[in-house]
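Here's query11.cif, which has mmCIF, C-alpha atoms:
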```cif
data_run
#
loop_
_atom_site.label_atom_id
_atom_site.label_comp_id
_atom_site.auth_asym_id
_atom_site.auth_seq_id
_atom_site.Cartn_x
_atom_site.Cartn_y
_atom_site.Cartn_z
CA MET A 224 15.72 12.87 -6.23
CA ALA A 225 16.55 10.35 -8.92
CA ALA A 226 14.06 7.59 -9.38
CA ALA A 227 14.83 4.10 -8.18
CA GLY A 228 16.64 2.21 -10.87
CA GLY A 229 17.04 5.41 -12.81
CA SER A 230 14.60 4.41 -15.53
CA GLN A 231 11.27 5.74 -14.33
CA PRO A 232 11.39 9.38 -13.30
CA LEU A 233 8.90 10.40 -10.65
CA SER A 234 6.18 12.25 -12.49
CA LYS A 235 2.64 13.45 -12.01
CA THR A 236 1.54 10.48 -14.08
CA ASN A 237 3.10 7.70 -12.05
CA LEU A 238 2.38 9.43 -8.74
CA ALA A 239 -1.26 8.66 -9.50
CA VAL A 240 -0.57 4.94 -9.53
CA LEU A 241 1.33 4.65 -6.29
CA ARG A 242 0.46 1.56 -4.33
CA TYR A 243 -0.99 2.28 -0.91
CA ARG A 244 0.28 -0.04 1.74
CA LYS A 245 -2.47 -0.37 4.30
CA SER A 246 -2.82 -1.62 7.83
CA VAL A 247 -3.74 -5.31 8.01
CA THR A 248 -6.78 -4.19 9.99
CA SER A 249 -7.92 -1.94 7.13
CA LEU A 250 -7.76 -4.50 4.35
CA THR A 251 -11.06 -5.35 2.69
CA ALA A 252 -12.05 -8.98 2.32
CA ASP A 253 -11.09 -8.76 -1.35
CA GLU A 254 -7.68 -7.33 -0.49
CA VAL A 255 -6.99 -10.10 2.03
CA SER A 256 -8.07 -12.61 -0.57
CA SER A 257 -5.75 -11.07 -3.18
CA LEU A 258 -2.84 -11.12 -0.76
CA ARG A 259 -3.47 -14.78 0.03
CA THR A 260 -3.71 -15.61 -3.65
CA ALA A 261 -0.46 -13.81 -4.38
CA ILE A 262 1.41 -15.51 -1.52
CA THR A 263 0.01 -18.88 -2.57
CA SER A 264 1.13 -18.27 -6.13
CA MET A 265 4.64 -17.36 -4.98
CA LEU A 266 4.71 -20.46 -2.79
CA GLY A 267 4.03 -22.48 -5.92
CA LEU A 268 7.10 -21.19 -7.69
CA SER A 269 10.32 -23.05 -7.02
CA ASP A 270 12.57 -20.70 -8.98
CA ASP A 271 13.91 -17.24 -8.23
CA ARG A 272 10.44 -15.71 -8.42
CA GLY A 273 9.18 -17.89 -5.62
CA TYR A 274 8.48 -17.40 -1.93
CA ALA A 275 11.22 -19.72 -0.72
CA TYR A 276 13.82 -17.94 -2.81
CA TRP A 277 12.89 -14.53 -1.42
CA ALA A 278 12.47 -15.71 2.16
CA GLY A 279 15.85 -17.39 1.84
CA ILE A 280 17.63 -14.19 0.91
CA HIS A 281 17.20 -12.93 4.47
CA GLY A 282 18.72 -16.03 6.06
CA LEU A 283 19.33 -19.55 4.88
CA PRO A 284 20.32 -20.89 2.43
CA LEU A 285 23.73 -19.26 2.60
CA PRO A 286 24.71 -16.57 2.06
CA ILE A 287 22.76 -14.75 4.74
CA SER A 288 22.24 -11.35 3.15
CA CYS A 289 20.23 -9.31 5.66
CA THR A 290 21.85 -6.46 7.51
CA HIS A 291 21.27 -5.79 11.18
CA GLY A 292 22.96 -3.66 13.78
CA SER A 293 24.07 -0.97 11.38
CA ALA A 294 22.70 2.06 9.57
CA LEU A 295 22.03 -0.25 6.62
CA PHE A 296 19.23 -2.00 8.52
CA LEU A 297 16.42 0.26 7.30
CA PRO A 298 17.59 0.79 3.68
CA TRP A 299 18.37 -2.90 3.18
CA HIS A 300 14.99 -4.06 4.43
CA ARG A 301 13.19 -1.39 2.41
CA ALA A 302 14.88 -2.73 -0.71
CA TYR A 303 14.03 -6.28 0.36
CA LEU A 304 10.33 -5.46 0.79
CA TYR A 305 10.35 -3.61 -2.51
CA TYR A 306 11.69 -6.60 -4.43
CA PHE A 307 9.38 -9.04 -2.65
CA GLU A 308 6.38 -6.83 -3.45
CA GLN A 309 7.36 -6.67 -7.10
CA TYR A 310 7.23 -10.46 -7.28
CA LEU A 311 3.86 -10.43 -5.50
CA LEU A 312 2.62 -8.10 -8.21
CA ASP A 313 4.11 -10.31 -10.92
CA VAL A 314 1.98 -13.29 -9.98
CA MET A 315 -1.28 -11.36 -9.99
CA PRO A 316 -3.27 -10.14 -12.99
CA ALA A 317 -2.35 -6.59 -13.94
CA GLY A 318 -4.32 -4.04 -11.98
CA THR A 319 -5.00 -6.27 -8.98
CA PRO A 320 -4.66 -4.08 -5.89
CA VAL A 321 -2.12 -6.12 -3.97
CA SER A 322 0.53 -4.60 -1.73
CA LEU A 323 2.30 -5.43 1.50
CA PRO A 324 0.17 -4.53 4.52
CA TRP A 325 1.63 -3.41 7.85
CA TRP A 326 1.02 -4.92 11.23
CA ASP A 327 0.78 -2.24 13.90
CA TRP A 328 1.95 -4.38 16.79
CA SER A 329 1.91 -1.31 19.05
CA SER A 330 -1.81 -1.89 19.43
CA GLN A 331 -0.56 -4.90 21.43
CA ALA A 332 -3.48 -6.95 20.17
CA GLY A 333 -1.29 -9.90 19.18
CA ILE A 334 -0.92 -11.71 15.85
CA PRO A 335 -3.00 -9.67 13.41
CA PRO A 336 -6.32 -10.79 12.00
CA GLY A 337 -5.97 -12.70 8.79
CA TYR A 338 -2.62 -14.12 9.87
CA ASP A 339 -3.65 -16.19 12.86
CA GLU A 340 -6.32 -18.56 11.53
CA GLU A 341 -4.70 -21.87 10.62
CA SER A 342 -7.25 -22.61 7.94
CA LEU A 343 -9.68 -20.71 5.77
CA PRO A 344 -13.46 -21.18 5.79
CA ASP A 345 -13.14 -23.62 2.89
CA GLY A 346 -10.73 -25.74 4.89
CA ALA A 347 -7.65 -24.78 2.91
CA PRO A 348 -4.54 -23.83 4.89
CA ASN A 349 -4.15 -20.10 5.47
CA PRO A 350 -1.01 -19.04 3.57
CA LEU A 351 -0.62 -16.06 5.91
CA ALA A 352 -0.48 -18.28 8.99
CA SER A 353 2.36 -20.57 8.04
CA ALA A 354 4.60 -21.42 5.12
CA PRO A 355 6.97 -24.24 4.23
CA VAL A 356 10.64 -23.75 5.01
CA SER A 357 12.28 -25.08 1.91
CA GLY A 358 15.26 -24.69 -0.36
CA ILE A 359 17.83 -25.02 2.43
CA PRO A 360 20.46 -27.76 1.97
CA ASP A 361 20.59 -30.27 4.83
CA ALA A 362 24.26 -29.46 5.33
CA GLN A 363 23.34 -25.96 6.46
CA PHE A 364 21.39 -27.25 9.44
CA THR A 365 24.33 -28.18 11.63
CA GLU A 366 24.25 -29.46 15.18
CA GLU A 367 25.29 -26.04 16.38
CA ASN A 368 22.64 -23.90 14.74
CA VAL A 369 18.87 -23.61 14.64
CA PRO A 370 17.11 -26.95 14.30
CA ARG A 371 15.66 -27.92 10.95
CA VAL A 372 12.04 -26.92 10.53
CA ASP A 373 9.83 -27.89 7.61
CA GLN A 374 7.01 -25.46 8.33
CA THR A 375 6.98 -22.11 10.09
CA PHE A 376 5.41 -21.91 13.53
CA ARG A 377 4.82 -19.25 16.17
CA GLN A 378 4.85 -19.18 19.95
CA PRO A 379 3.65 -15.65 20.66
CA GLY A 380 4.13 -13.95 23.98
CA PRO A 381 1.33 -12.36 25.96
CA ALA A 382 -1.00 -9.99 24.12
CA GLY A 383 -2.52 -6.82 25.51
CA PRO A 384 -1.00 -4.11 27.68
CA GLY A 385 0.59 -4.64 31.07
CA HIS A 386 3.19 -7.27 30.22
CA GLY A 387 6.18 -4.96 30.39
CA SER A 388 9.15 -6.05 28.35
CA GLY A 389 7.52 -9.44 27.75
CA GLY A 390 4.75 -7.89 25.68
CA LEU A 391 4.72 -6.14 22.35
CA PRO A 392 6.05 -2.57 22.21
CA SER A 393 3.46 0.00 23.19
CA ALA A 394 2.38 3.09 21.26
CA ARG A 395 4.17 5.14 23.93
CA GLU A 396 7.42 3.30 23.32
CA VAL A 397 7.05 3.81 19.58
CA SER A 398 6.41 7.53 20.12
CA ALA A 399 9.59 7.82 22.16
CA VAL A 400 11.60 6.37 19.27
CA MET A 401 9.83 8.53 16.70
CA ALA A 402 10.79 11.62 18.72
CA LEU A 403 14.51 10.97 18.26
CA GLU A 404 16.17 13.53 16.01
CA ASP A 405 19.33 11.78 14.86
CA PHE A 406 19.20 8.96 12.27
CA ASP A 407 21.79 6.77 13.98
CA ASP A 408 19.90 7.12 17.26
CA PHE A 409 16.57 6.47 15.56
CA THR A 410 17.63 3.40 13.61
CA ILE A 411 19.29 1.70 16.58
CA GLN A 412 16.22 2.20 18.76
CA LEU A 413 13.75 1.24 16.01
CA GLU A 414 15.75 -1.89 15.29
CA ASP A 415 15.56 -2.75 18.96
CA LEU A 416 11.74 -2.57 18.87
CA HIS A 417 11.93 -4.70 15.73
CA ASN A 418 14.07 -7.29 17.52
CA ARG A 419 11.62 -7.35 20.39
CA VAL A 420 8.72 -8.18 18.05
CA HIS A 421 10.70 -11.03 16.48
CA VAL A 422 11.31 -12.43 19.97
CA TRP A 423 7.65 -11.92 20.91
CA VAL A 424 6.30 -13.82 17.88
CA GLY A 425 8.58 -16.70 18.78
CA GLY A 426 9.11 -19.90 16.84
CA THR A 427 10.50 -19.44 13.37
CA MET A 428 10.48 -15.65 13.63
CA THR A 429 12.95 -15.71 16.50
CA GLU A 430 16.11 -16.57 14.60
CA ILE A 431 17.58 -14.80 11.60
CA PRO A 432 18.24 -17.93 9.47
CA VAL A 433 14.56 -18.81 9.02
CA ALA A 434 12.56 -15.76 10.20
CA ALA A 435 11.54 -14.51 6.75
CA PHE A 436 9.77 -17.75 5.91
CA ASP A 437 6.99 -16.77 8.35
CA PRO A 438 4.40 -14.75 6.38
CA VAL A 439 3.97 -12.34 9.29
CA PHE A 440 7.62 -11.32 8.80
CA TRP A 441 6.55 -9.19 5.83
CA ALA A 442 3.79 -7.41 7.75
CA HIS A 443 6.17 -6.78 10.65
CA HIS A 444 8.85 -5.33 8.42
CA THR A 445 6.34 -3.25 6.51
CA MET A 446 5.44 -1.68 9.86
CA ILE A 447 9.12 -0.92 10.47
CA ASP A 448 9.41 0.56 6.99
CA ARG A 449 6.28 2.66 7.60
CA LEU A 450 7.69 4.04 10.85
CA TRP A 451 10.87 5.03 9.03
CA ALA A 452 8.79 6.69 6.29
CA ILE A 453 6.81 8.68 8.88
CA TRP A 454 10.03 9.65 10.64
CA GLN A 455 11.49 10.76 7.30
CA GLN A 456 8.50 13.03 6.71
CA ALA A 457 9.20 14.71 10.03
CA HIS A 458 12.95 14.88 9.37
CA PRO A 459 13.38 15.82 5.72
CA GLY A 460 16.96 15.53 4.59
CA ALA A 461 17.94 13.35 7.53
CA GLY A 462 19.59 10.81 5.24
CA THR A 463 21.07 7.63 6.64
CA GLY A 464 23.79 8.77 8.98
CA SER A 465 27.28 7.67 8.11
CA VAL A 466 26.30 5.36 5.24
CA PRO A 467 27.17 6.70 1.78
CA LEU A 468 24.09 7.15 -0.38
CA ASP A 469 25.71 5.28 -3.25
CA PHE A 470 26.37 2.22 -1.09
CA PRO A 471 24.95 -0.78 -3.01
CA LEU A 472 22.32 -2.93 -1.37
CA GLY A 473 23.19 -6.48 -2.28
CA PRO A 474 21.63 -8.65 -3.56
CA PHE A 475 19.30 -6.04 -5.05
CA PRO A 476 21.28 -4.91 -8.08
CA THR A 477 19.15 -1.94 -9.04
CA LEU A 478 19.05 -0.21 -5.66
CA ASN A 479 21.56 1.63 -3.53
CA VAL A 480 21.00 3.37 -0.19
CA GLY A 481 20.10 6.70 -1.75
CA GLN A 482 17.47 5.11 -3.93
CA THR A 483 15.60 3.84 -0.89
CA LEU A 484 15.14 7.26 0.65
CA ASN A 485 12.06 8.24 -1.34
CA ILE A 486 9.27 5.68 -1.12
CA ASN A 487 7.25 7.47 -3.79
CA ALA A 488 10.08 6.80 -6.21
CA LEU A 489 9.76 3.15 -5.30
CA GLY A 490 6.10 3.28 -6.23
CA TYR A 491 4.33 3.12 -2.91
CA GLN A 492 2.99 5.20 -0.09
CA TYR A 493 1.61 4.73 3.40
CA ALA A 494 -1.68 6.31 4.12
CA ALA A 495 -3.75 6.44 7.25
CA ALA A 496 -6.77 6.86 5.05
CA THR A 497 -7.45 7.44 1.38
CA SER A 498 -10.45 8.75 -0.45
CA SER A 499 -10.49 9.37 -4.15
CA ALA A 500 -13.02 10.08 -6.83
CA ALA A 501 -13.14 10.94 -10.49
CA PRO A 502 -15.06 14.04 -11.48
CA SER A 503 -18.56 13.34 -12.79
CA ARG A 504 -19.05 14.19 -16.46
CA MET B 149 39.99 -4.77 25.03
CA ALA B 150 38.69 -7.42 27.41
CA THR B 151 35.61 -9.35 26.42
CA PHE B 152 33.13 -10.18 29.18
CA VAL B 153 31.86 -13.71 28.85
CA SER B 154 29.34 -14.62 31.48
CA ASN B 155 25.67 -14.84 32.29
CA PRO B 156 24.65 -12.47 33.72
CA ILE B 157 27.21 -9.68 34.05
CA THR B 158 27.53 -6.88 36.60
CA VAL B 159 29.56 -3.73 35.93
CA THR B 160 30.17 -0.62 38.00
CA LEU B 161 29.79 2.88 36.63
CA THR B 162 29.63 6.39 38.05
CA ALA B 163 26.86 8.93 37.56
CA PRO B 164 27.95 12.41 36.48
CA ASP B 165 28.35 15.25 38.91
CA GLU B 166 26.29 17.56 36.71
CA SER B 167 22.61 17.44 35.87
CA TYR B 168 21.62 15.88 32.57
CA ARG B 169 18.65 15.81 30.23
CA ARG B 170 19.34 12.34 28.82
CA ALA B 171 21.26 9.32 29.99
CA ASP B 172 22.05 6.24 27.90
CA LEU B 173 23.62 2.96 28.85
CA GLU B 174 25.65 1.98 25.82
CA PHE B 175 26.91 -1.50 25.06
CA HIS B 176 29.58 -1.94 22.44
CA GLY B 177 30.85 -5.07 20.78
CA VAL B 178 27.70 -7.04 21.53
CA ASP B 179 27.81 -10.59 20.22
CA HIS B 180 24.75 -11.73 18.27
CA SER B 181 25.93 -15.06 16.96
CA LYS B 182 23.66 -17.29 19.03
CA ALA B 183 20.00 -17.26 20.08
CA SER B 184 17.83 -14.15 20.20
CA PHE B 185 17.56 -12.68 23.66
CA GLU B 186 16.50 -9.75 25.78
CA GLY B 187 19.17 -8.02 27.82
CA ARG B 188 17.47 -6.80 31.00
CA LEU B 189 19.18 -4.02 32.89
CA PHE B 190 18.99 -3.59 36.65
CA ILE B 191 20.65 -0.84 38.65
CA ASN B 192 22.07 -1.57 42.11
CA ASN B 193 20.63 -5.06 42.15
CA PRO B 194 23.62 -7.40 41.77
CA GLY B 195 21.47 -10.40 42.61
CA ALA B 196 19.03 -9.87 39.75
CA GLY B 197 18.47 -12.89 37.53
CA PRO B 198 16.06 -14.25 34.95
CA GLU B 199 13.37 -14.60 37.61
CA THR B 200 13.60 -10.97 38.73
CA PRO B 201 10.45 -9.26 37.44
CA THR B 202 10.73 -6.29 35.14
CA ASP B 203 8.41 -4.27 37.37
CA HIS B 204 11.07 -4.40 40.10
CA GLU B 205 12.18 -0.90 41.06
CA SER B 206 15.76 -1.66 40.00
CA TYR B 207 14.77 -2.55 36.41
CA VAL B 208 15.66 0.29 34.06
CA GLY B 209 15.07 -1.10 30.58
CA SER B 210 16.07 -3.74 28.04
CA PHE B 211 17.74 -4.21 24.72
CA TRP B 212 16.93 -7.03 22.32
CA VAL B 213 19.32 -9.06 20.20
CA PHE B 214 18.00 -10.76 17.03
CA GLY B 215 20.28 -13.73 16.96
CA HIS B 216 22.20 -15.21 14.06
CA GLY B 217 21.20 -18.66 15.31
CA GLY B 218 24.55 -20.40 15.15
CA CYS B 219 26.75 -21.17 12.21
CA ALA B 220 25.43 -22.87 9.09
CA GLY B 221 28.79 -22.92 7.35
CA GLY B 222 32.07 -24.72 7.72
CA GLU B 223 34.87 -24.10 10.17
CA GLY B 224 35.73 -20.40 10.35
CA HIS B 225 32.67 -19.31 8.38
CA CYS B 226 31.21 -17.34 11.27
CA GLU B 227 34.42 -15.80 12.56
CA PRO B 228 34.65 -12.12 11.61
CA PRO B 229 38.12 -11.04 10.49
CA ALA B 230 40.19 -9.46 13.23
CA GLU B 231 40.70 -6.44 11.02
CA ARG B 232 39.66 -5.31 7.59
CA ARG B 233 42.28 -5.39 4.84
CA PRO B 234 42.84 -2.27 2.77
CA PHE B 235 40.79 -2.37 -0.43
CA ASP B 236 38.35 -4.90 0.99
CA PHE B 237 35.10 -3.38 -0.25
CA ARG B 238 32.86 -6.28 0.65
CA ALA B 239 30.01 -5.80 3.05
CA GLU B 240 30.85 -6.20 6.71
CA HIS B 241 30.95 -9.73 8.04
CA GLN B 242 27.53 -10.87 9.21
CA LEU B 243 28.79 -11.40 12.74
CA THR B 244 30.56 -8.10 13.22
CA ARG B 245 29.62 -7.18 16.74
CA VAL B 246 27.01 -4.46 17.22
CA SER B 247 26.25 -1.60 19.59
CA LYS B 248 23.12 -1.17 21.66
CA TRP B 249 21.97 1.68 23.80
CA VAL B 250 19.13 2.04 26.21
CA MET B 251 17.78 5.36 27.42
CA VAL B 252 17.60 5.25 31.21
CA THR B 253 17.26 8.94 32.02
CA GLU B 254 14.42 9.00 34.52
CA LYS B 255 15.32 5.71 36.18
CA LEU B 256 18.93 6.77 36.65
CA ARG B 257 17.83 10.05 38.20
CA SER B 258 15.54 8.27 40.63
CA LEU B 259 17.95 5.50 41.60
CA VAL B 260 21.39 7.12 41.58
CA GLY B 261 22.52 10.44 43.02
CA GLN B 262 24.89 12.74 41.18
CA GLY B 263 28.48 11.56 41.36
CA GLN B 264 27.56 8.22 42.92
CA SER B 265 28.87 4.86 41.78
CA PHE B 266 26.28 2.29 40.85
CA SER B 267 26.15 -1.22 39.51
CA VAL B 268 24.44 -2.36 36.35
CA ARG B 269 23.37 -5.96 36.22
CA ILE B 270 22.74 -7.21 32.67
CA VAL B 271 20.58 -10.32 32.64
CA PRO B 272 20.21 -12.15 29.32
CA TYR B 273 16.74 -13.60 29.04
CA VAL B 274 15.51 -16.10 26.48
CA ARG B 275 11.82 -16.90 26.48
CA PRO B 276 11.56 -20.54 27.59
CA GLU B 277 9.38 -21.37 24.58
CA ASN B 278 12.09 -20.05 22.28
CA ALA B 279 14.97 -21.69 24.13
CA GLY B 280 13.39 -25.13 24.30
CA PRO B 281 14.07 -26.38 20.78
CA LEU B 282 17.56 -24.86 20.53
CA PRO B 283 20.84 -26.67 21.10
CA ALA B 284 22.48 -25.76 24.41
CA SER B 285 25.36 -24.08 22.60
CA LEU B 286 23.01 -21.35 21.36
CA VAL B 287 21.79 -20.33 24.82
CA THR B 288 25.03 -20.78 26.78
CA ASP B 289 27.33 -17.80 27.41
CA LEU B 290 24.83 -15.76 25.49
CA LEU B 291 25.79 -12.37 26.82
CA GLN B 292 29.12 -11.20 25.48
CA PHE B 293 30.20 -7.64 24.86
CA ASP B 294 33.35 -5.58 24.86
CA GLN B 295 32.42 -2.44 26.74
CA VAL B 296 29.60 -0.70 28.57
CA ALA B 297 29.40 3.04 29.15
CA LEU B 298 27.08 5.60 30.64
CA LEU B 299 26.64 8.61 28.38
CA THR B 300 24.82 11.67 29.62
CA TYR B 301 23.76 14.76 27.70
CA GLN B 302 23.13 18.23 29.04
#
```
Render the structure in this file as structure tokens.
Amino acid sequence: MAAAGGSQPLSKTNLAVLRYRKSVTSLTADEVSSLRTAITSMLGLSDDRGYAYWAGIHGLPLPISCTHGSALFLPWHRAYLYYFEQYLLDVMPAGTPVSLPWWDWSSQAGIPPGYDEESLPDGAPNPLASAPVSGIPDAQFTEENVPRVDQTFRQPGPAGPGHGSGGLPSAREVSAVMALEDFDDFTIQLEDLHNRVHVWVGGTMTEIPVAAFDPVFWAHHTMIDRLWAIWQQAHPGAGTGSVPLDFPLGPFPTLNVGQTLNINALGYQYAAATSSAAPSR
Amino acid sequence: MATFVSNPITVTLTAPDESYRRADLEFHGVDHSKASFEGRLFINNPGAGPETPTDHESYVGSFWVFGHGGCAGGEGHCEPPAERRPFDFRAEHQLTRVSKWVMVTEKLRSLVGQGQSFSVRIVPYVRPENAGPLPASLVTDLLQFDQVALLTYQ
């Protein structure tokens, strides 16, 4: 298929530099450190390269741009993660292995390691635990909508198996969704699991206007994106149901629905494990 | 089409006469303008409420709504147009109502005989920790939808 943006054809050369998005539980200490550095750097930018700007695209400040409850849910959020990851890369020195990790909540272990400690060993706040909610005009916090918050917070539900619908989705529930054959069926059910995780995390993650300010939002959505990618591998050519492939994904001017279908063309891959070596000379 | 506005809501449906390999309870025109919530489904338990445990034999599954969290704009900002004008190529309004469906195949088989009528009680549930900080308007009359249907596949 055509490459995303149309300017960088998928080739043997750039396939070799795909970013591997890893599980949060597989990140090395250096990779966690790089991710924290990148998030911290984005938090320090108050312009349209910054964390608040990108978190705000999902919800407040107006306009709320995210799409839910339609076949655009998966393509739109894939484009959103793609753009956010590009800005993460921008703030790091070239060649730094930083990418969005995924939180496999189906392990039901709760908030993932690295994201739950309020502070780091040196006493600094953990930028993966909480982030400021900024850039939203006071007038957009009305009496009838979500209360103003200055900092993200969580109120997670019970961790571990045996909590029924009050707990995180189980691996069995994920498998049932992954077994669906039709895209419209799959996306509706996957979005429902996604909604359930937002409700489980609680606090800022619970409501659309401010959810994306919580740093765990990105790990949660990378998991959703990964599940779609795995489903796509098992259902080649499945497309996106009734949505035209040339449907634009605002506010991401260089991507339409069709351009989100191939994650390799977007420069990344999900891998359960990787092992590589250069030949000895 | 009538809009149900209540908390919770009970509807009556009829199971098919034939056998089926899959059964879905479908909800159309689901409102998502307020707080996030879980819609818990109970069959033949018209008294079910937020305190009814989900390991009760009548519980058949849930759907989850990721809520819009109220309106941050001015008057009319969060009211979807009644119909779309020709040549309106903008994205759908954020609060266009959505559809949900929950697969209830095995539970329906075990609880309802072929051809029998049965009730579905839909109980909206907001985790108390999540509801606490929200204005009452976001957790009142939370459950609103246009239609519910049982779809079975052979």
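Look at A:Leu468: the protein and nucleic acid residues within 12 Å of it, using all atoms listed in the file and passing over chain neighbours fewer than 2 places away, are Met224, Ala225, Ala294, Leu295, Pro298, Ala461, Gly462, Thr463, Gly464, Ser465, Val466, Phe470, Pro471, Leu472, Leu478, Asn479, Val480, Gly481, Gln482, Thr483 and Leu484 of chain A.
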Could you tell me which residues of chain A sit within 7 Å of chain B when counting only C-alpha atoms, and give me the result as number ranges by chain? A: 292, 363-365, 367-370, 378, 387-388, 411, 415, 418-419, 422, 425-426, 429-432
Please evaluate the PyMOL selection byres ((chain A and resi 456) around 12) against the structure above and give the resulting residues as a ChimeraX atom specification. /A:401,449-455,457-462,484-487,492-493
Contact residues around B:Ser265 with only C-alpha atoms at 9 Å, ignoring same-chain residues under 4 positions, as a ChimeraX atom specification: /B:160-163,260-261
Applying 8 Å and only C-alpha atoms, which residues near stretch 321-326 of chain A remain after dropping the ones on its own chain fewer than 4 positions away? List them as a list in words.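 Residues meeting the cut-off are Arg242, Tyr243, Arg244, Lys245, Ser246, Val247, Thr248, Leu250, Glu254, Ser257, Leu258, Ala261, Glu308, Leu311, Leu312, Pro335, Trp441, Ala442, His443, His444, Thr445, Met446 and Arg449 of chain A.
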Distance atom CA of B:Glu254-atom CA of B:Phe293, one decimal place?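 Rounded to one decimal, the two atoms are 24.9 Å apart.
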Please return, as a PyMOL selection string, all polymer residues that have at least one atom within 12 Å of the point (13.6, 7.4, 21.4); use all atoms listed in the file and the file's own coordinate frame. (chain A and resi 395-416+454) or (chain B and resi 170-172+249-253)
As an mmCIF file, in the frame of the given file, could you write out stretch 467-484 of chain A once it has been completed with N, CA and C atoms?
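And here is the file that came out, selection_15.cif:
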```cif
data_model
loop_
_atom_site.group_PDB
_atom_site.id
_atom_site.type_symbol
_atom_site.label_atom_id
_atom_site.label_comp_id
_atom_site.auth_asym_id
_atom_site.auth_seq_id
_atom_site.Cartn_x
_atom_site.Cartn_y
_atom_site.Cartn_z
ATOM 1 N N PRO A 467 27.204 5.960 3.047
ATOM 2 C CA PRO A 467 27.170 6.700 1.780
ATOM 3 C C PRO A 467 25.904 6.371 0.993
ATOM 4 N N LEU A 468 25.337 7.375 0.356
ATOM 5 C CA LEU A 468 24.090 7.150 -0.380
ATOM 6 C C LEU A 468 24.275 6.235 -1.573
ATOM 7 N N ASP A 469 25.504 6.154 -2.093
ATOM 8 C CA ASP A 469 25.710 5.280 -3.250
ATOM 9 C C ASP A 469 26.122 3.863 -2.835
ATOM 10 N N PHE A 470 26.002 3.556 -1.564
ATOM 11 C CA PHE A 470 26.370 2.220 -1.090
ATOM 12 C C PHE A 470 25.378 1.212 -1.672
ATOM 13 N N PRO A 471 25.870 0.177 -2.376
ATOM 14 C CA PRO A 471 24.950 -0.780 -3.010
ATOM 15 C C PRO A 471 24.296 -1.696 -1.986
ATOM 16 N N LEU A 472 23.063 -2.064 -2.283
ATOM 17 C CA LEU A 472 22.320 -2.930 -1.370
ATOM 18 C C LEU A 472 22.206 -4.330 -1.986
ATOM 19 N N GLY A 473 23.231 -5.117 -1.773
ATOM 20 C CA GLY A 473 23.190 -6.480 -2.280
ATOM 21 C C GLY A 473 22.213 -7.324 -1.494
ATOM 22 N N PRO A 474 21.544 -8.244 -2.165
ATOM 23 C CA PRO A 474 21.630 -8.650 -3.560
ATOM 24 C C PRO A 474 20.536 -8.031 -4.427
ATOM 25 N N PHE A 475 20.333 -6.740 -4.272
ATOM 26 C CA PHE A 475 19.300 -6.040 -5.050
ATOM 27 C C PHE A 475 20.014 -5.105 -6.024
ATOM 28 N N PRO A 476 20.320 -5.595 -7.221
ATOM 29 C CA PRO A 476 21.280 -4.910 -8.080
ATOM 30 C C PRO A 476 20.851 -3.535 -8.562
ATOM 31 N N THR A 477 19.566 -3.227 -8.498
ATOM 32 C CA THR A 477 19.150 -1.940 -9.040
ATOM 33 C C THR A 477 18.953 -0.875 -7.966
ATOM 34 N N LEU A 478 19.293 -1.181 -6.739
ATOM 35 C CA LEU A 478 19.050 -0.210 -5.660
ATOM 36 C C LEU A 478 20.311 0.022 -4.827
ATOM 37 N N ASN A 479 20.559 1.296 -4.534
ATOM 38 C CA ASN A 479 21.560 1.630 -3.530
ATOM 39 C C ASN A 479 20.849 2.366 -2.386
ATOM 40 N N VAL A 480 21.608 2.754 -1.371
ATOM 41 C CA VAL A 480 21.000 3.370 -0.190
ATOM 42 C C VAL A 480 20.187 4.605 -0.569
ATOM 43 N N GLY A 481 20.777 5.466 -1.390
ATOM 44 C CA GLY A 481 20.100 6.700 -1.750
ATOM 45 C C GLY A 481 18.767 6.467 -2.435
ATOM 46 N N GLN A 482 18.706 5.395 -3.199
ATOM 47 C CA GLN A 482 17.470 5.110 -3.930
ATOM 48 C C GLN A 482 16.368 4.550 -3.051
ATOM 49 N N THR A 483 16.666 4.287 -1.788
ATOM 50 C CA THR A 483 15.600 3.840 -0.890
ATOM 51 C C THR A 483 15.003 4.990 -0.080
ATOM 52 N N LEU A 484 15.566 6.182 -0.236
ATOM 53 C CA LEU A 484 15.140 7.260 0.650
ATOM 54 C C LEU A 484 13.749 7.801 0.322
#
```
